[in-house]
Amino acid sequence: MPVLASVTLRARDAIKGIWREAAKFGVVGALAFVVDNGGYNLLVFGLPGGARGGPMSASPVQASVLATGAAALFSWAGNRYWTYRHQHGEKVTRELALFLVANGVGLAITAGTVFASRQLLGLDSALSDNTARIFGWVLATLFRFYAYRRYVFVAP
């Protein structure tokens, strides 16, 4: 029975650790989501109630890249110094490079859904853009969580 109890306790601790990590990752991600989508909507559609569009209304894919890039920098700082503060390596340059690669893939996923919505489906409303971005965000977030745990923020 002690072996079974030991295995049960280790499994419980592992699950508890992953949930804690996922919760912190989620908080950082939620704030980055606000930076990303808030920035995108300001760039493309302008301030709410404004008659004119935003400064990048003619360039929604580029606005998506810019907003996602700003959110990625926010996310790196939040994850490095909070979520994975005990796991990150000492080689900041390597870690940042891997982070940027993982986020480059995430950026391509998010921008790709906007491209597909605009160019392939011919949709150009705020609702369709935001629906495409949220779908892309979900896919990119799943990818990033895996990549951060496996490749980016790993203990030396």
# chains A, B, ... in the order shown; residues from 1 in each chain; ligands from 1
>>> select_by_dssp(residues="segment 12-139 of chain A", states="alpha helix (DSSP H)", output="MDAnalysis selection string")
chainID A and resid 12:45 60:78 92:115 126:139
>>> residues_around(residues="segment 142-154 of chain A", least_positions_apart="6", cutoff="10 Å", atoms="only C-alpha atoms", output="ChimeraX atom specification")
/A:18,21-22,25-26,29,76,79-80,83-90,94-106,109
>>> residues_around(residues="Ser125 of chain A", least_positions_apart="4", cutoff="12 Å", atoms="only C-alpha atoms", output="PyMOL selection string")
chain A and resi 41+44-45+53+57+60+114+117-118+121+129-132
>>> write_last_selection(atoms="N, CA and C atoms", output="compact mmCIF listing (two decimals), in the first residue's frame")
# COMPACT_ATOMS: atom_id res chain seq x y z
N ASN A 41 -7.97 46.37 -32.58
CA ASN A 41 -9.20 47.13 -32.83
C ASN A 41 -8.94 48.63 -32.89
N VAL A 44 -7.17 49.21 -36.37
CA VAL A 44 -7.99 49.00 -37.56
C VAL A 44 -9.29 49.80 -37.53
N PHE A 45 -9.96 49.83 -36.38
CA PHE A 45 -11.29 50.43 -36.32
C PHE A 45 -11.32 51.75 -35.57
N GLY A 53 -12.04 55.18 -39.43
CA GLY A 53 -11.36 53.96 -38.99
C GLY A 53 -10.06 54.32 -38.28
N SER A 57 -6.49 51.02 -40.91
CA SER A 57 -7.73 50.41 -41.39
C SER A 57 -7.55 49.74 -42.75
N PRO A 60 -5.23 45.49 -42.33
CA PRO A 60 -5.61 44.69 -41.16
C PRO A 60 -4.63 43.56 -40.83
N VAL A 114 -6.99 35.73 -39.83
CA VAL A 114 -7.49 37.00 -40.37
C VAL A 114 -7.38 36.99 -41.89
N SER A 117 -10.10 34.79 -43.30
CA SER A 117 -11.40 35.44 -43.19
C SER A 117 -11.56 36.55 -44.24
N ARG A 118 -10.54 37.38 -44.36
CA ARG A 118 -10.60 38.52 -45.29
C ARG A 118 -10.46 38.07 -46.75
N LEU A 121 -12.62 34.15 -47.49
CA LEU A 121 -14.06 34.18 -47.25
C LEU A 121 -14.70 35.51 -47.62
N ASP A 129 -13.62 39.82 -38.22
CA ASP A 129 -12.20 39.94 -37.89
C ASP A 129 -11.94 39.42 -36.48
N ASN A 130 -12.77 39.84 -35.54
CA ASN A 130 -12.56 39.42 -34.15
C ASN A 130 -12.84 37.94 -33.96
N THR A 131 -13.81 37.40 -34.67
CA THR A 131 -14.07 35.96 -34.60
C THR A 131 -12.88 35.19 -35.14
N ALA A 132 -12.34 35.63 -36.26
CA ALA A 132 -11.16 34.98 -36.84
C ALA A 132 -9.97 35.08 -35.89
>>> decode(residues="segment 115-145 of chain A", atoms="N, CA and C atoms", output="compact mmCIF listing (two decimals), in the first residue's frame")
# COMPACT_ATOMS: atom_id res chain seq x y z
N PHE A 115 -6.25 36.52 -42.40
CA PHE A 115 -6.07 36.43 -43.85
C PHE A 115 -7.15 35.54 -44.47
N ALA A 116 -7.38 34.39 -43.87
CA ALA A 116 -8.39 33.47 -44.40
C ALA A 116 -9.77 34.11 -44.38
N SER A 117 -10.10 34.79 -43.30
CA SER A 117 -11.40 35.44 -43.19
C SER A 117 -11.56 36.55 -44.24
N ARG A 118 -10.54 37.38 -44.36
CA ARG A 118 -10.60 38.52 -45.29
C ARG A 118 -10.46 38.07 -46.75
N GLN A 119 -9.42 37.32 -47.04
CA GLN A 119 -9.08 37.04 -48.43
C GLN A 119 -9.81 35.82 -49.01
N LEU A 120 -9.98 34.79 -48.22
CA LEU A 120 -10.62 33.58 -48.75
C LEU A 120 -12.13 33.60 -48.61
N LEU A 121 -12.62 34.15 -47.49
CA LEU A 121 -14.06 34.18 -47.25
C LEU A 121 -14.70 35.51 -47.62
N GLY A 122 -13.88 36.55 -47.83
CA GLY A 122 -14.40 37.86 -48.22
C GLY A 122 -15.12 38.61 -47.11
N LEU A 123 -14.83 38.28 -45.88
CA LEU A 123 -15.48 38.94 -44.74
C LEU A 123 -14.62 40.10 -44.26
N ASP A 124 -15.25 41.24 -43.93
CA ASP A 124 -14.45 42.39 -43.51
C ASP A 124 -15.07 43.22 -42.39
N SER A 125 -15.96 42.64 -41.63
CA SER A 125 -16.57 43.37 -40.52
C SER A 125 -15.73 43.20 -39.26
N ALA A 126 -16.02 44.04 -38.28
CA ALA A 126 -15.34 43.92 -36.99
C ALA A 126 -15.66 42.55 -36.36
N LEU A 127 -16.91 42.11 -36.50
CA LEU A 127 -17.29 40.82 -35.93
C LEU A 127 -16.52 39.67 -36.58
N SER A 128 -16.42 39.67 -37.90
CA SER A 128 -15.70 38.57 -38.57
C SER A 128 -14.21 38.62 -38.28
N ASP A 129 -13.62 39.82 -38.22
CA ASP A 129 -12.20 39.94 -37.89
C ASP A 129 -11.94 39.42 -36.48
N ASN A 130 -12.77 39.84 -35.54
CA ASN A 130 -12.56 39.42 -34.15
C ASN A 130 -12.84 37.94 -33.96
N THR A 131 -13.81 37.40 -34.67
CA THR A 131 -14.07 35.96 -34.60
C THR A 131 -12.88 35.19 -35.14
N ALA A 132 -12.34 35.63 -36.26
CA ALA A 132 -11.16 34.98 -36.84
C ALA A 132 -9.97 35.08 -35.89
N ARG A 133 -9.78 36.25 -35.28
CA ARG A 133 -8.65 36.43 -34.36
C ARG A 133 -8.81 35.58 -33.11
N ILE A 134 -10.01 35.47 -32.58
CA ILE A 134 -10.22 34.66 -31.38
C ILE A 134 -9.97 33.19 -31.70
N PHE A 135 -10.44 32.73 -32.83
CA PHE A 135 -10.17 31.36 -33.25
C PHE A 135 -8.66 31.13 -33.38
N GLY A 136 -7.98 32.07 -34.03
CA GLY A 136 -6.53 31.98 -34.17
C GLY A 136 -5.83 32.05 -32.82
N TRP A 137 -6.34 32.90 -31.94
CA TRP A 137 -5.75 33.04 -30.61
C TRP A 137 -5.83 31.72 -29.84
N VAL A 138 -6.97 31.05 -29.91
CA VAL A 138 -7.14 29.76 -29.21
C VAL A 138 -6.12 28.75 -29.73
N LEU A 139 -6.03 28.62 -31.04
CA LEU A 139 -5.08 27.67 -31.62
C LEU A 139 -3.64 28.03 -31.25
N ALA A 140 -3.31 29.32 -31.35
CA ALA A 140 -1.95 29.77 -31.05
C ALA A 140 -1.63 29.59 -29.56
N THR A 141 -2.60 29.80 -28.69
CA THR A 141 -2.37 29.63 -27.25
C THR A 141 -2.07 28.19 -26.90
N LEU A 142 -2.79 27.27 -27.48
CA LEU A 142 -2.52 25.85 -27.23
C LEU A 142 -1.11 25.50 -27.69
N PHE A 143 -0.73 25.99 -28.85
CA PHE A 143 0.61 25.74 -29.34
C PHE A 143 1.66 26.35 -28.42
N ARG A 144 1.47 27.61 -28.01
CA ARG A 144 2.46 28.30 -27.17
C ARG A 144 2.61 27.63 -25.80
N PHE A 145 1.51 27.20 -25.18
CA PHE A 145 1.62 26.55 -23.87
C PHE A 145 2.51 25.32 -23.98
